[in-house]
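**Q** The structure under discussion is supplied below as structure tokens; questions concerning it will follow.
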Number of protein chains: 4
Amino acid sequence: MKIAAIIGSSRAGGNTQQLTKLALKGIDYTPIILKEKQIIPIDDLRHAEGGFQPVTDDYENVIDTVLGHDVLIFATPVYWYGMSGLMKNFVDRWSQSLRDDRFAFKKEMSQKTAYVITCGGDQPRIKALPLIQQFQYIFSFMGVSFADYIIGAANAPYDILKDERALAEAKRWNETFLK
Amino acid sequence: MKIAAIIGSSRAGGNTQQLTKLALKGIDYTPIILKEKQIIPIDDLRHAEGGFQPVTDDYENVIDTVLGHDVLIFATPVYWYGMSGLMKNFVDRWSQSLRDDRFAFKKEMSQKTAYVITCGGDQPRIKALPLIQQFQYIFSFMGVSFADYIIGAANAPYDILKDERALAEAKRWNETFLK
Amino acid sequence: MKIAAIIGSSRAGGNTQQLTKLALKGIDYTPIILKEKQIIPIDDLRHAEGGFQPVTDDYENVIDTVLGHDVLIFATPVYWYGMSGLMKNFVDRWSQSLRDDRFAFKKEMSQKTAYVITCGGDQPRIKALPLIQQFQYIFSFMGVSFADYIIGAANAPYDILKDERALAEAKRWNETFLK
Amino acid sequence: MKIAAIIGSSRAGGNTQQLTKLALKGIDYTPIILKEKQIIPIDDLRHAEGGFQPVTDDYENVIDTVLGHDVLIFATPVYWYGMSGLMKNFVDRWSQSLRDDRFAFKKEMSQKTAYVITCGGDQPRIKALPLIQQFQYIFSFMGVSFADYIIGAANAPYDILKDERALAEAKRWNETFLK
């Protein structure tokens, strides 16, 4: 079981990333720090003559890495009650991969299992629910199995270390991953 | 009453933009085509020494334009059951404006009225509801009045012209704006 | 195409019922006024020896009527951000019908098309969205096709007659039903 | 701190009730078993001459008990992706209490803290989210503080004892209540 953690935070070492590290403590996994990649917003050429064109940024490399793993952890802070723009730019580009005949994107993704970790500061256990529902629709469309999610409460740096529920859930995930 | 339409589509003249044009037919308004602007994802420096730093892209110009209007129409296609990355990158940057002491961003925004137009292809009247809830949380946080929304059903180009409900709602908005 | 309207209002002739009548103007349909029926809350005997027992109230008659129609309009006011208790008591009893071997409840229901009409007074176009999502899950579980919904804004009697959007949508439904 | 648990299950000793008992282990609390009370669906007389009339069932007694407590635990199975009809019938009647001038219902409720426990069998951590959002709107309207919720996964009797997350959360609540 190969695990990749796709990190959508714009701040290195923030709460979301800390929680992800706790969930993956002692596990061999591939971190994919979107902040360190250049992934430009999609240019919707679905209906253009010739379709999508190659884009010279890091997206293809990232998606190659993603496809080489079985378990995907989507870790994003709650920005404005949704996933970060960094994460959204990445997901939006899947529309291009869906039409890329060099590989069977949807079929390959449908064999994967996804987890979501998100941290927010404004009543996240209520106000991040639309984000969870969005991820559910995304995974459902792709046939990805949505295993579980953690919503952490955190605003200032290191706040997450005070959220006992989130810490306990991360620990339980960790025990599962270690098996 | 000055109206701005913030367009988050990546395809020019797509369904969302068409619906927006119908809602604003005969109205003097400012289109803000995010696709034609460079707005890079936020670098979260809220907790860094010195705070946010100036960014040399189009964001400041766009936000200046936005602040000069009373009514804001957020028009975004449903990409992966959420707003487009282009739109999200823009909204994420509000976190920087909130901490910009050159102007009272939240206070100015709280005097505005917002509308949302979104078009999607996969059961949008159900699967775009998390997006509407997200906008509600965004506007509520900022004190913006959320006047109304239209969810259009459209996938291929010009599909929206077959969605009679969406067309009727756009027409009703148009009559209101024309008064 | 036989149409039944299942009315969950506790007040006769209220906004929800008025809107339903407008949607069905000139149409031959069967009104099922739950207020006039006795449908007691379910007694969950799924796991009891012997399973569900016959209940001497109006539920069986109502469900027989329902099964004799092709199109079902679920009309309920928004009470406390959900369907009325009258409507919920009725739907809860479906668990009993699912285990009733005298007929193939799920299979029969899966051939039907459902519409939802709901009216509320407190930002219903936002705060009734969980109710719409709930109906979606209900219909999806049963295999019922969820054709459309109208959320009306109304609090005091006859308020609905001022909600131009809801009236226009009811009229559009009516035109469809009349075809 | 006086705690009441309002149980909306129709099956005695079911998963929801078990989880509630675990959360309240060793705590002195008042169980309110709605199944054992007669609470008839509301008759909406808000707009009738004379307003609401006295109803001869157990509602008034129940609400008196509720008002005598500081912490309210709303425990309901997920029935058809929502609270049980028993629970909904109870909540619907609050509309009557809001207009009862013998006491200040909203004001008294606004001093209370609420918890929600719910168990469901069909992807409850996704499909019970509209129910959580509904409770949020209910509590927000009443000014009740919404402290926390647990969504348990359980279908057959005693399933809940296998849901380690739910058990851990109940235990953490228990530790808080014991302090």
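Scheme for the structure tokens: letters A, B, ... for chains in order shown; per-chain residue numbers from 1; ligand numbers from 1 in order shown.
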Once DSSP has gone over the backbone, tell me which residues of chain B are in strand (DSSP E or B), as an NGL selection string.

**A** :B and (3-7 or 29-33 or 71-77 or 79 or 82 or 113-120 or 145-153)

**Q** Please list as a list in words every residue within 9 Å of region 57-60 of chain D, counting only C-alpha atoms and excluding residues in the same chain fewer than 4 positions away.

**A** Lys37, Gln38, Ile39, Ile40, Asp64, Thr65, Phe90, Arg93 and Ser97 of chain D

**Q** If we count only C-alpha atoms, which residues of chain B reach to within 10 Å of chain A? Please list them as JSON, numbers by chain.

**A** {"B": [9, 10, 11, 12, 14, 35, 40, 41, 42, 43, 44, 45, 46, 47, 48, 79, 80, 81, 82, 83, 84, 85, 86, 87, 88, 89, 90, 91, 92, 93, 94, 95, 122, 127, 128, 129, 130, 131, 132, 133, 134, 135, 136, 137, 138, 139, 141, 155, 156, 157]}

**Q** CA of Leu98 (chain A) and CA of Gln17 (chain A) are how many Å apart?

**A**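 Atom-to-atom, CA of Leu98 (chain A) and CA of Gln17 (chain A) are spaced 28.5 Å apart.
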
**Q** Using only C-alpha atoms, which residues sit within 6 Å of region 148-151 of chain D once same-chain residues fewer than 3 positions away are excluded, as a ChimeraX atom specification?

**A** /D:115-119

**Q** Can you work out the spacing between CA of Lys21 (chain D) and CA of Val144 (chain D) in Å, to one decimal?

**A**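 Here the two named atoms are 22.6 Å from each other.
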
**Q** Please give the complete set of residues from region 64-178 of chain B that DSSP, run on the backbone, assigns to alpha helix (DSSP H), formatted as number ranges by chain.

**A** B: 64-67, 85-92, 94-98, 105-109, 124-127, 129-142, 164-178

**Q** Would you mind telling me which residue in B:Gly143, B:Gly152, B:Gly68, B:Pro31 lies nearest to Lys107 (chain B) when using only C-alpha atoms?

**A**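 Looking only at the distances to Lys107 (chain B), the closest residue turns out to be B:Gly143.
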